[in-house]
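Enquirer: This is the content of start_3.tsv (TSV, N, CA and C atoms):
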chain	number	residue	atom	x	y	z
A	973	MET	N	117.62	107.25	77.45
A	973	MET	CA	118.27	106.96	78.72
A	973	MET	C	117.19	106.91	79.81
A	974	ALA	N	117.05	105.79	80.44
A	974	ALA	CA	116.04	105.62	81.49
A	974	ALA	C	116.58	106.14	82.82
A	975	LEU	N	115.71	106.72	83.60
A	975	LEU	CA	116.10	107.19	84.92
A	975	LEU	C	116.26	106.01	85.86
A	976	ASP	N	117.29	106.10	86.72
A	976	ASP	CA	117.45	105.04	87.70
A	976	ASP	C	116.40	105.19	88.80
A	977	ALA	N	116.23	104.14	89.58
A	977	ALA	CA	115.19	104.11	90.61
A	977	ALA	C	115.39	105.21	91.66
A	978	GLN	N	116.63	105.49	92.02
A	978	GLN	CA	116.91	106.52	93.03
A	978	GLN	C	116.48	107.90	92.53
A	979	THR	N	116.79	108.20	91.28
A	979	THR	CA	116.41	109.50	90.72
A	979	THR	C	114.90	109.60	90.58
A	980	ARG	N	114.26	108.53	90.12
A	980	ARG	CA	112.80	108.53	90.01
A	980	ARG	C	112.17	108.78	91.38
A	981	ASN	N	112.68	108.11	92.40
A	981	ASN	CA	112.14	108.26	93.74
A	981	ASN	C	112.35	109.69	94.26
A	982	MET	N	113.52	110.26	93.98
A	982	MET	CA	113.80	111.63	94.41
A	982	MET	C	112.82	112.61	93.76
A	983	LEU	N	112.54	112.43	92.48
A	983	LEU	CA	111.61	113.32	91.78
A	983	LEU	C	110.17	113.13	92.27
A	984	LYS	N	109.82	111.91	92.57
A	984	LYS	CA	108.47	111.64	93.09
A	984	LYS	C	108.31	112.22	94.49
A	985	THR	N	109.32	112.00	95.33
A	985	THR	CA	109.23	112.47	96.72
A	985	THR	C	109.44	113.98	96.81
A	986	GLY	N	110.49	114.48	96.17
A	986	GLY	CA	110.85	115.89	96.29
A	986	GLY	C	109.96	116.85	95.52
A	987	LEU	N	109.52	116.42	94.33
A	987	LEU	CA	108.71	117.31	93.48
A	987	LEU	C	107.26	116.88	93.37
A	988	GLY	N	106.97	115.67	93.85
A	988	GLY	CA	105.60	115.17	93.73
A	988	GLY	C	105.24	114.74	92.32
A	989	MET	N	106.24	114.37	91.50
A	989	MET	CA	105.97	113.95	90.13
A	989	MET	C	105.28	112.59	90.11
A	990	THR	N	104.40	112.43	89.19
A	990	THR	CA	103.71	111.15	89.01
A	990	THR	C	104.54	110.26	88.08
A	991	ASP	N	104.26	108.97	88.13
A	991	ASP	CA	104.95	108.05	87.22
A	991	ASP	C	104.66	108.42	85.77
A	992	ALA	N	103.42	108.82	85.50
A	992	ALA	CA	103.06	109.19	84.12
A	992	ALA	C	103.90	110.37	83.64
A	993	ASP	N	104.09	111.38	84.49
A	993	ASP	CA	104.91	112.53	84.09
A	993	ASP	C	106.39	112.18	84.03
A	994	LEU	N	106.86	111.32	84.91
A	994	LEU	CA	108.26	110.87	84.84
A	994	LEU	C	108.53	110.18	83.51
A	995	ASN	N	107.57	109.42	83.03
A	995	ASN	CA	107.73	108.73	81.75
A	995	ASN	C	107.72	109.68	80.56
A	996	ARG	N	107.27	110.91	80.77
A	996	ARG	CA	107.22	111.91	79.69
A	996	ARG	C	108.49	112.75	79.60
A	997	LEU	N	109.42	112.61	80.56
A	997	LEU	CA	110.64	113.43	80.54
A	997	LEU	C	111.43	113.18	79.27
A	998	GLY	N	111.85	114.26	78.65
A	998	GLY	CA	112.60	114.16	77.40
A	998	GLY	C	114.05	113.76	77.64
A	999	PRO	N	114.75	113.42	76.56
A	999	PRO	CA	116.13	112.95	76.69
A	999	PRO	C	117.09	114.00	77.26
A	1000	ASN	N	116.86	115.28	77.00
A	1000	ASN	CA	117.77	116.31	77.52
A	1000	ASN	C	117.72	116.38	79.04
A	1001	ILE	N	116.52	116.40	79.59
A	1001	ILE	CA	116.42	116.49	81.05
A	1001	ILE	C	116.85	115.17	81.69
A	1002	GLN	N	116.62	114.06	81.02
A	1002	GLN	CA	117.11	112.78	81.55
A	1002	GLN	C	118.63	112.77	81.62
A	1003	ALA	N	119.29	113.34	80.62
A	1003	ALA	CA	120.75	113.41	80.63
A	1003	ALA	C	121.25	114.28	81.77
A	1004	VAL	N	120.57	115.39	82.00
A	1004	VAL	CA	120.95	116.26	83.12
A	1004	VAL	C	120.79	115.51	84.43
A	1005	LEU	N	119.65	114.85	84.61
A	1005	LEU	CA	119.39	114.14	85.85
A	1005	LEU	C	120.38	113.00	86.07
A	1006	ALA	N	120.84	112.38	85.00
A	1006	ALA	CA	121.80	111.29	85.12
A	1006	ALA	C	123.17	111.79	85.59
A	1007	HIS	N	123.43	113.09	85.47
A	1007	HIS	CA	124.72	113.67	85.86
A	1007	HIS	C	124.63	114.53	87.12
A	1008	MET	N	123.61	114.33	87.93
A	1008	MET	CA	123.44	115.16	89.13
A	1008	MET	C	124.67	115.13	90.04
A	1009	ALA	N	125.31	113.97	90.18
A	1009	ALA	CA	126.50	113.89	91.03
A	1009	ALA	C	127.61	114.78	90.47
A	1010	ASP	N	127.73	114.85	89.14
A	1010	ASP	CA	128.74	115.70	88.52
A	1010	ASP	C	128.42	117.18	88.73
A	1011	PHE	N	127.14	117.53	88.65
A	1011	PHE	CA	126.75	118.92	88.89
A	1011	PHE	C	127.08	119.35	90.31
A	1012	GLY	N	126.93	118.44	91.26
A	1012	GLY	CA	127.20	118.77	92.65
A	1012	GLY	C	128.64	119.13	92.94
A	1013	LYS	N	129.53	118.87	92.01
A	1013	LYS	CA	130.95	119.17	92.20
A	1013	LYS	C	131.28	120.64	91.94
A	1014	TYR	N	130.34	121.39	91.37
A	1014	TYR	CA	130.65	122.75	90.92
A	1014	TYR	C	129.65	123.79	91.40
A	1015	LYS	N	130.17	124.99	91.56
A	1015	LYS	CA	129.36	126.21	91.65
A	1015	LYS	C	129.77	127.03	90.43
A	1016	PHE	N	128.88	127.87	89.97
A	1016	PHE	CA	129.19	128.77	88.86
A	1016	PHE	C	129.28	130.19	89.42
A	1017	VAL	N	130.25	130.94	88.91
A	1017	VAL	CA	130.48	132.30	89.40
A	1017	VAL	C	130.50	133.26	88.21
A	1018	ALA	N	129.81	134.38	88.37
A	1018	ALA	CA	129.90	135.49	87.42
A	1018	ALA	C	130.45	136.67	88.22
A	1019	GLU	N	131.71	137.00	87.96
A	1019	GLU	CA	132.40	138.05	88.71
A	1019	GLU	C	132.48	139.32	87.88
A	1020	CYS	N	132.03	140.41	88.45
A	1020	CYS	CA	132.07	141.70	87.76
A	1020	CYS	C	133.53	142.15	87.63
A	1021	THR	N	133.96	142.36	86.38
A	1021	THR	CA	135.32	142.82	86.13
A	1021	THR	C	135.37	144.30	85.74
A	1022	GLU	N	134.25	144.82	85.24
A	1022	GLU	CA	134.17	146.24	84.86
A	1022	GLU	C	132.77	146.74	85.16
A	1023	SER	N	132.68	147.95	85.67
A	1023	SER	CA	131.38	148.56	85.92
A	1023	SER	C	131.51	150.07	85.78
A	1024	LYS	N	130.60	150.65	85.01
A	1024	LYS	CA	130.58	152.10	84.86
A	1024	LYS	C	129.13	152.57	84.86
A	1025	TYR	N	128.78	153.42	85.79
A	1025	TYR	CA	127.47	154.04	85.91
A	1025	TYR	C	126.34	153.02	86.05
A	1026	CYS	N	126.60	151.91	86.70
A	1026	CYS	CA	125.57	150.88	86.85
A	1026	CYS	C	124.47	151.38	87.77
A	1027	PHE	N	123.26	151.48	87.25
A	1027	PHE	CA	122.12	151.98	88.01
A	1027	PHE	C	121.70	151.01	89.10
A	1028	ALA	N	121.98	149.72	88.92
A	1028	ALA	CA	121.65	148.72	89.93
A	1028	ALA	C	122.69	148.71	91.06
A	1029	GLY	N	123.83	149.36	90.83
A	1029	GLY	CA	124.85	149.44	91.87
A	1029	GLY	C	125.87	148.32	91.85
A	1030	ILE	N	125.97	147.59	90.74
A	1030	ILE	CA	126.97	146.52	90.65
A	1030	ILE	C	128.35	147.15	90.49
A	1031	LYS	N	129.28	146.63	91.28
A	1031	LYS	CA	130.64	147.16	91.27
A	1031	LYS	C	131.65	146.06	90.95
A	1032	ALA	N	132.79	146.44	90.40
A	1032	ALA	CA	133.85	145.48	90.10
A	1032	ALA	C	134.20	144.70	91.37
A	1033	GLY	N	134.38	143.40	91.20
A	1033	GLY	CA	134.72	142.52	92.32
A	1033	GLY	C	133.52	141.81	92.92
A	1034	GLN	N	132.32	142.34	92.72
A	1034	GLN	CA	131.13	141.67	93.23
A	1034	GLN	C	130.83	140.45	92.36
A	1035	LYS	N	130.12	139.49	92.96
A	1035	LYS	CA	129.88	138.22	92.25
A	1035	LYS	C	128.45	137.75	92.40
A	1036	TYR	N	127.98	137.11	91.33
A	1036	TYR	CA	126.79	136.26	91.41
A	1036	TYR	C	127.34	134.85	91.55
A	1037	VAL	N	126.83	134.09	92.51
A	1037	VAL	CA	127.26	132.71	92.71
A	1037	VAL	C	126.03	131.83	92.59
A	1038	PHE	N	126.14	130.78	91.75
A	1038	PHE	CA	125.01	129.91	91.44
A	1038	PHE	C	125.33	128.47	91.80
A	1039	SER	N	124.33	127.74	92.26
A	1039	SER	CA	124.47	126.29	92.30
A	1039	SER	C	124.36	125.83	90.86
A	1040	SER	N	124.99	124.70	90.54
A	1040	SER	CA	124.96	124.25	89.15
A	1040	SER	C	123.69	123.47	88.82
A	1041	ALA	N	123.07	122.84	89.80
A	1041	ALA	CA	121.80	122.15	89.58
A	1041	ALA	C	121.13	121.95	90.94
A	1042	PRO	N	120.00	122.55	91.17
A	1042	PRO	CA	119.30	123.41	90.23
A	1042	PRO	C	120.04	124.74	90.08
A	1043	LEU	N	119.95	125.30	88.93
A	1043	LEU	CA	120.63	126.56	88.64
A	1043	LEU	C	119.90	127.68	89.38
A	1044	SER	N	120.50	128.11	90.49
A	1044	SER	CA	119.88	129.16	91.29
A	1044	SER	C	120.95	129.95	92.04
A	1045	LEU	N	120.60	131.18	92.39
A	1045	LEU	CA	121.54	132.04	93.12
A	1045	LEU	C	121.77	131.49	94.52
A	1046	LEU	N	123.02	131.56	94.95
A	1046	LEU	CA	123.38	131.12	96.30
A	1046	LEU	C	123.54	132.33	97.22
A	1047	PRO	N	123.42	132.14	98.52
A	1047	PRO	CA	123.51	133.26	99.47
A	1047	PRO	C	124.82	134.03	99.44
A	1048	GLU	N	125.92	133.39	98.96
A	1048	GLU	CA	127.18	134.14	98.93
A	1048	GLU	C	127.27	135.14	97.78
A	1049	THR	N	126.21	135.29	97.03
A	1049	THR	CA	126.14	136.32	95.99
A	1049	THR	C	126.32	137.69	96.62
A	1050	THR	N	127.17	138.52	96.01
A	1050	THR	CA	127.41	139.87	96.54
A	1050	THR	C	126.90	140.97	95.60
A	1051	CYS	N	126.45	140.60	94.41
A	1051	CYS	CA	125.91	141.57	93.46
A	1051	CYS	C	124.45	141.85	93.76
A	1052	PRO	N	124.03	143.09	93.56
A	1052	PRO	CA	122.59	143.37	93.61
A	1052	PRO	C	121.91	142.61	92.47
A	1053	THR	N	120.68	142.19	92.70
A	1053	THR	CA	119.94	141.47	91.66
A	1053	THR	C	119.54	142.43	90.56
A	1054	CYS	N	119.96	142.11	89.33
A	1054	CYS	CA	119.63	142.93	88.17
A	1054	CYS	C	119.35	142.00	87.00
A	1055	MET	N	118.14	142.00	86.52
A	1055	MET	CA	117.76	141.10	85.43
A	1055	MET	C	118.53	141.41	84.15
A	1056	ARG	N	118.87	142.67	83.94
A	1056	ARG	CA	119.62	143.03	82.72
A	1056	ARG	C	121.06	142.53	82.79
A	1057	ALA	N	121.55	142.23	83.98
A	1057	ALA	CA	122.87	141.62	84.13
A	1057	ALA	C	122.76	140.10	84.08
A	1058	LEU	N	121.73	139.56	84.71
A	1058	LEU	CA	121.59	138.10	84.80
A	1058	LEU	C	121.23	137.45	83.46
A	1059	ALA	N	120.48	138.14	82.63
A	1059	ALA	CA	120.01	137.54	81.37
A	1059	ALA	C	121.17	137.03	80.50
A	1060	PRO	N	122.18	137.82	80.20
A	1060	PRO	CA	123.26	137.30	79.35
A	1060	PRO	C	124.13	136.25	80.05
A	1061	ILE	N	124.20	136.29	81.37
A	1061	ILE	CA	124.95	135.29	82.12
A	1061	ILE	C	124.30	133.92	81.97
A	1062	THR	N	122.98	133.90	81.92
A	1062	THR	CA	122.23	132.64	81.86
A	1062	THR	C	122.63	131.80	80.66
A	1063	GLY	N	122.85	132.42	79.51
A	1063	GLY	CA	123.25	131.66	78.33
A	1063	GLY	C	124.56	130.92	78.53
A	1064	ILE	N	125.51	131.57	79.18
A	1064	ILE	CA	126.80	130.92	79.44
A	1064	ILE	C	126.62	129.79	80.45
A	1065	LEU	N	125.79	130.01	81.46
A	1065	LEU	CA	125.54	128.96	82.46
A	1065	LEU	C	124.92	127.73	81.80
A	1066	ASN	N	124.04	127.94	80.84
A	1066	ASN	CA	123.44	126.81	80.12
A	1066	ASN	C	124.50	126.03	79.34
A	1067	ILE	N	125.44	126.73	78.72
A	1067	ILE	CA	126.55	126.06	78.03
A	1067	ILE	C	127.36	125.24	79.02
A	1068	MET	N	127.62	125.80	80.18
A	1068	MET	CA	128.40	125.10	81.20
A	1068	MET	C	127.66	123.85	81.68
A	1069	MET	N	126.36	123.94	81.83
A	1069	MET	CA	125.56	122.77	82.23
A	1069	MET	C	125.61	121.70	81.14
A	1070	ASP	N	125.49	122.12	79.88
A	1070	ASP	CA	125.57	121.16	78.76
A	1070	ASP	C	126.92	120.45	78.74
A	1071	ARG	N	127.97	121.17	79.06
A	1071	ARG	CA	129.30	120.55	79.08
A	1071	ARG	C	129.40	119.49	80.16
A	1072	ILE	N	128.85	119.76	81.33
A	1072	ILE	CA	128.85	118.76	82.40
A	1072	ILE	C	128.04	117.54	81.97
A	1073	THR	N	126.89	117.77	81.36
A	1073	THR	CA	126.04	116.68	80.89
A	1073	THR	C	126.77	115.83	79.85
A	1074	SER	N	127.69	116.44	79.09
A	1074	SER	CA	128.45	115.73	78.07
A	1074	SER	C	129.72	115.10	78.62
A	1075	GLY	N	129.93	115.20	79.94
A	1075	GLY	CA	131.10	114.60	80.56
A	1075	GLY	C	132.36	115.45	80.44
A	1076	MET	N	132.20	116.72	80.10
A	1076	MET	CA	133.34	117.62	79.93
A	1076	MET	C	133.48	118.53	81.15
A	1077	LYS	N	134.62	119.19	81.26
A	1077	LYS	CA	134.78	120.22	82.28
A	1077	LYS	C	133.84	121.37	81.91
A	1078	PRO	N	133.27	122.05	82.91
A	1078	PRO	CA	132.24	123.05	82.61
A	1078	PRO	C	132.73	124.34	81.97
A	1079	ASP	N	133.96	124.74	82.21
A	1079	ASP	CA	134.41	126.02	81.67
A	1079	ASP	C	134.55	125.96	80.15
A	1080	PRO	N	133.77	126.77	79.44
A	1080	PRO	CA	133.90	126.78	77.97
A	1080	PRO	C	135.15	127.54	77.56
A	1081	GLU	N	135.69	127.16	76.41
A	1081	GLU	CA	136.87	127.86	75.90
A	1081	GLU	C	136.49	129.27	75.42
A	1082	LEU	N	135.29	129.40	74.95
A	1082	LEU	CA	134.77	130.68	74.48
A	1082	LEU	C	133.62	131.12	75.38
A	1083	PHE	N	133.16	132.32	75.22
A	1083	PHE	CA	131.97	132.82	75.92
A	1083	PHE	C	132.14	132.87	77.43
A	1084	GLN	N	133.34	133.19	77.90
A	1084	GLN	CA	133.54	133.33	79.33
A	1084	GLN	C	133.25	134.74	79.82
A	1085	VAL	N	132.89	135.63	78.90
A	1085	VAL	CA	132.59	137.01	79.27
A	1085	VAL	C	131.13	137.29	78.93
A	1086	ALA	N	130.44	137.91	79.89
A	1086	ALA	CA	129.05	138.33	79.67
A	1086	ALA	C	128.97	139.82	79.96
A	1087	GLU	N	128.19	140.52	79.14
A	1087	GLU	CA	127.99	141.96	79.33
A	1087	GLU	C	126.52	142.22	79.58
A	1088	CYS	N	126.23	143.12	80.51
A	1088	CYS	CA	124.83	143.41	80.82
A	1088	CYS	C	124.14	144.01	79.59
A	1089	LEU	N	122.82	144.03	79.65
A	1089	LEU	CA	122.03	144.49	78.50
A	1089	LEU	C	121.96	146.01	78.38
A	1090	ASP	N	122.40	146.75	79.39
A	1090	ASP	CA	122.48	148.20	79.25
A	1090	ASP	C	123.72	148.50	78.42
A	1091	PRO	N	123.57	149.15	77.27
A	1091	PRO	CA	124.71	149.33	76.37
A	1091	PRO	C	125.73	150.38	76.81
A	1092	GLY	N	125.43	151.12	77.85
A	1092	GLY	CA	126.37	152.14	78.32
A	1092	GLY	C	126.13	153.48	77.65
A	1093	LEU	N	126.70	154.50	78.23
A	1093	LEU	CA	126.49	155.88	77.81
A	1093	LEU	C	126.87	156.13	76.35
A	1094	ASP	N	127.95	155.51	75.88
A	1094	ASP	CA	128.42	155.74	74.51
A	1094	ASP	C	127.47	155.17	73.46
A	1095	ARG	N	126.58	154.27	73.86
A	1095	ARG	CA	125.68	153.61	72.90
A	1095	ARG	C	124.20	153.85	73.21
A	1096	GLY	N	123.91	154.93	73.91
A	1096	GLY	CA	122.53	155.31	74.15
A	1096	GLY	C	121.93	154.82	75.45
A	1097	GLY	N	122.71	154.16	76.28
A	1097	GLY	CA	122.22	153.68	77.56
A	1097	GLY	C	122.76	154.52	78.70
A	1098	LEU	N	122.88	153.92	79.85
A	1098	LEU	CA	123.42	154.63	81.01
A	1098	LEU	C	124.70	153.94	81.50
A	1099	GLY	N	124.54	152.76	82.07
A	1099	GLY	CA	125.68	152.06	82.63
A	1099	GLY	C	126.05	150.85	81.80
A	1100	HIS	N	127.12	150.21	82.21
A	1100	HIS	CA	127.51	148.97	81.53
A	1100	HIS	C	128.37	148.17	82.49
A	1101	VAL	N	128.12	146.86	82.51
A	1101	VAL	CA	128.82	145.96	83.41
A	1101	VAL	C	129.30	144.75	82.62
A	1102	VAL	N	130.51	144.29	82.92
A	1102	VAL	CA	131.10	143.12	82.28
A	1102	VAL	C	131.42	142.09	83.36
A	1103	PHE	N	131.14	140.82	83.05
A	1103	PHE	CA	131.38	139.73	83.99
A	1103	PHE	C	132.29	138.69	83.37
A	1104	ARG	N	133.12	138.08	84.19
A	1104	ARG	CA	133.87	136.87	83.82
A	1104	ARG	C	133.09	135.72	84.46
A	1105	VAL	N	132.76	134.71	83.68
A	1105	VAL	CA	131.95	133.60	84.15
A	1105	VAL	C	132.81	132.34	84.18
A	1106	TYR	N	132.78	131.63	85.29
A	1106	TYR	CA	133.61	130.45	85.44
A	1106	TYR	C	133.01	129.46	86.45
A	1107	ALA	N	133.51	128.25	86.41
A	1107	ALA	CA	133.10	127.23	87.36
A	1107	ALA	C	134.11	127.19	88.50
A	1108	GLN	N	133.61	126.82	89.66
A	1108	GLN	CA	134.45	126.72	90.84
A	1108	GLN	C	134.10	125.41	91.54
A	1109	LYS	N	135.08	124.70	92.05
A	1109	LYS	CA	134.79	123.47	92.78
A	1109	LYS	C	133.92	123.79	93.98
A	1110	ALA	N	132.90	122.98	94.18
A	1110	ALA	CA	131.97	123.20	95.32
A	1110	ALA	C	132.58	122.67	96.60
Please express the file's structure as structure tokens.
Expert:
Amino acid sequence: MALDAQTRNMLKTGLGMTDADLNRLGPNIQAVLAHMADFGKYKFVAECTESKYCFAGIKAGQKYVFSSAPLSLLPETTCPTCMRALAPITGILNIMMDRITSGMKPDPELFQVAECLDPGLDRGGLGHVVFRVYAQKA
């Protein structure tokens, strides 16, 4: 899939990419770039549904809010930044991005729940946090 002139120009102007490097882009990233308008329709949300003894201070009801492309945290995020919470969420966000690239709705039928990497007190850790991950119209 070849990039259209507008996308090529945006990458050259915005990122400073050279024509040589643009020609090296693989098919996966080209597919993502071809669906940028579709990505702009969504934000991704990871909402804490359960929290017990979270050392980072994440509480039920707090949210991580992400732009869908580029995948980054948005200012309306209310959760404290915790890499052990964000890591498992990232896998679900990648699935959601793949679904948009495939022309599907982003919410997967499975894997809508992410759990932080701290296993909790019962399994040798301290705290544990659970998130519901979903897409929201932007």
Enquirer: Quick one: residues within 8 Å of Gln1034 of chain A, all atoms listed in the file, excluding same-chain residues fewer than 2 positions away - as a CSV table (one decimal) with N, CA and C atoms, in the frame of the given file?
Expert:
chain,number,residue,atom,x,y,z
A,1018,ALA,N,129.8,134.4,88.4
A,1018,ALA,CA,129.9,135.5,87.4
A,1018,ALA,C,130.4,136.7,88.2
A,1019,GLU,N,131.7,137.0,88.0
A,1019,GLU,CA,132.4,138.0,88.7
A,1019,GLU,C,132.5,139.3,87.9
A,1020,CYS,N,132.0,140.4,88.4
A,1020,CYS,CA,132.1,141.7,87.8
A,1020,CYS,C,133.5,142.2,87.6
A,1021,THR,N,134.0,142.4,86.4
A,1021,THR,CA,135.3,142.8,86.1
A,1021,THR,C,135.4,144.3,85.7
A,1030,ILE,N,126.0,147.6,90.7
A,1030,ILE,CA,127.0,146.5,90.6
A,1030,ILE,C,128.4,147.2,90.5
A,1031,LYS,N,129.3,146.6,91.3
A,1031,LYS,CA,130.6,147.2,91.3
A,1031,LYS,C,131.6,146.1,91.0
A,1032,ALA,N,132.8,146.4,90.4
A,1032,ALA,CA,133.8,145.5,90.1
A,1032,ALA,C,134.2,144.7,91.4
A,1036,TYR,N,128.0,137.1,91.3
A,1036,TYR,CA,126.8,136.3,91.4
A,1036,TYR,C,127.3,134.8,91.6
A,1037,VAL,N,126.8,134.1,92.5
A,1037,VAL,CA,127.3,132.7,92.7
A,1037,VAL,C,126.0,131.8,92.6
A,1049,THR,N,126.2,135.3,97.0
A,1049,THR,CA,126.1,136.3,96.0
A,1049,THR,C,126.3,137.7,96.6
A,1050,THR,N,127.2,138.5,96.0
A,1050,THR,CA,127.4,139.9,96.5
A,1050,THR,C,126.9,141.0,95.6
A,1051,CYS,N,126.4,140.6,94.4
A,1051,CYS,CA,125.9,141.6,93.5
A,1051,CYS,C,124.4,141.8,93.8
A,1052,PRO,N,124.0,143.1,93.6
A,1052,PRO,CA,122.6,143.4,93.6
A,1052,PRO,C,121.9,142.6,92.5
Enquirer: Do you know which residues lie at most 6.5 Å from (133.9, 138.0, 79.3), with coordinates as in the file and all atoms listed in the file counted, and could you write them as a PyMOL selection string?
Expert: chain A and resi 1083-1087+1102-1105
Enquirer: Export, as a short mmCIF file (atom, residue, chain, number, x, y, z; two decimals), in the frame of the given file, the selected residues with N, CA and C atoms.
Expert:
data_model
loop_
_atom_site.label_atom_id
_atom_site.label_comp_id
_atom_site.auth_asym_id
_atom_site.auth_seq_id
_atom_site.Cartn_x
_atom_site.Cartn_y
_atom_site.Cartn_z
N PHE A 1083 133.16 132.32 75.22
CA PHE A 1083 131.97 132.82 75.92
C PHE A 1083 132.14 132.87 77.43
N GLN A 1084 133.34 133.19 77.90
CA GLN A 1084 133.54 133.33 79.33
C GLN A 1084 133.25 134.74 79.82
N VAL A 1085 132.89 135.63 78.90
CA VAL A 1085 132.59 137.01 79.27
C VAL A 1085 131.13 137.29 78.93
N ALA A 1086 130.44 137.91 79.89
CA ALA A 1086 129.05 138.33 79.67
C ALA A 1086 128.97 139.82 79.96
N GLU A 1087 128.19 140.52 79.14
CA GLU A 1087 127.99 141.96 79.33
C GLU A 1087 126.52 142.22 79.58
N VAL A 1102 130.51 144.29 82.92
CA VAL A 1102 131.10 143.12 82.28
C VAL A 1102 131.42 142.09 83.36
N PHE A 1103 131.14 140.82 83.05
CA PHE A 1103 131.38 139.73 83.99
C PHE A 1103 132.29 138.69 83.37
N ARG A 1104 133.12 138.08 84.19
CA ARG A 1104 133.87 136.87 83.82
C ARG A 1104 133.09 135.72 84.46
N VAL A 1105 132.76 134.71 83.68
CA VAL A 1105 131.95 133.60 84.15
C VAL A 1105 132.81 132.34 84.18
#
Enquirer: Can you list, as a ChimeraX atom specification, all residues belonging to chain A that DSSP tags as alpha helix (DSSP H)?
Expert: /A:977-987,991-994,999-1006,1008-1011,1055-1073
Enquirer: Pull the closest atom pair for each residue of segment 1022-1094 of chain A that gets at most 8 Å from segment 986-1007 of chain A, along with the distance in Å to one decimal, counting only N, CA and C atoms, ordering rows by chain and then ascending residue number, as CSV.
Expert:
residue,atom,partner,partner_atom,distance
A:Met1069,C,A:Val1004,CA,7.4
A:Ile1072,C,A:His1007,CA,6.4
A:Thr1073,CA,A:Ala1003,C,5.4
A:Ser1074,N,A:Ala1003,C,7.3
Enquirer: In Å, how far is it from atom CA of Tyr1014 of chain A to atom CA of Lys1077 of chain A?
Expert: 9.9 Å
Enquirer: Could you jot down the atom CA of Ala1057 of chain A to atom CA of His1100 of chain A separation for me, Å, one decimal place?
Expert: 9.1 Å
Enquirer: Using only C-alpha atoms, which residues sit within 6 Å of segment 1106-1108 of chain A once same-chain residues fewer than 4 positions away are excluded, as a ChimeraX atom specification?
Expert: /A:1014-1017,1079
Enquirer: Hey, which of A:Thr1053, A:Gly1063, A:Phe1011, A:Ala1028 ends up closest to Pro1078 of chain A? Count only C-alpha atoms.
Expert: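 Closest to Pro1078 of chain A of all the choices is A:Phe1011.
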Enquirer: With all atoms listed in the file as the atoms that count, which of A:Met1008, A:Ile1064, A:Cys1054, A:Met1076 lies nearest to Ala1041 of chain A?
Expert: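 Of A:Met1008, A:Ile1064, A:Cys1054, A:Met1076, the one nearest Ala1041 of chain A, counting all atoms listed in the file, is A:Met1008.
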Enquirer: Would you work out the distance separating atom CA of Ala1009 of chain A from atom N of Arg980 of chain A, expressed in Å to one decimal?
Expert: 13.4 Å
Enquirer: Box time for segment 1019-1036 of chain A: axis-aligned, enclosing all its listed atoms, 5 Å extra on each side; report centre and edge lengths in Å to one decimal, as lines of an AutoDock Vina configuration file.
Expert:
center_x = 128.5
center_y = 144.4
center_z = 89.0
size_x = 23.7
size_y = 29.2
size_z = 18.4
Enquirer: May I ask which of the residues A:Leu1093, A:Cys1088, A:Lys1013, A:Leu1098 is the closest one to Ala1059 of chain A, counting all atoms listed in the file?
Expert: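 Checking each candidate against Ala1059 of chain A, we get A:Cys1088 as the closest.
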Enquirer: How would you write, as a PyMOL selection string, the set of residues in chain A that DSSP gives as strand (DSSP E)?
Expert: chain A and resi 1014-1024+1035-1040+1043-1045+1085-1087+1100-1109
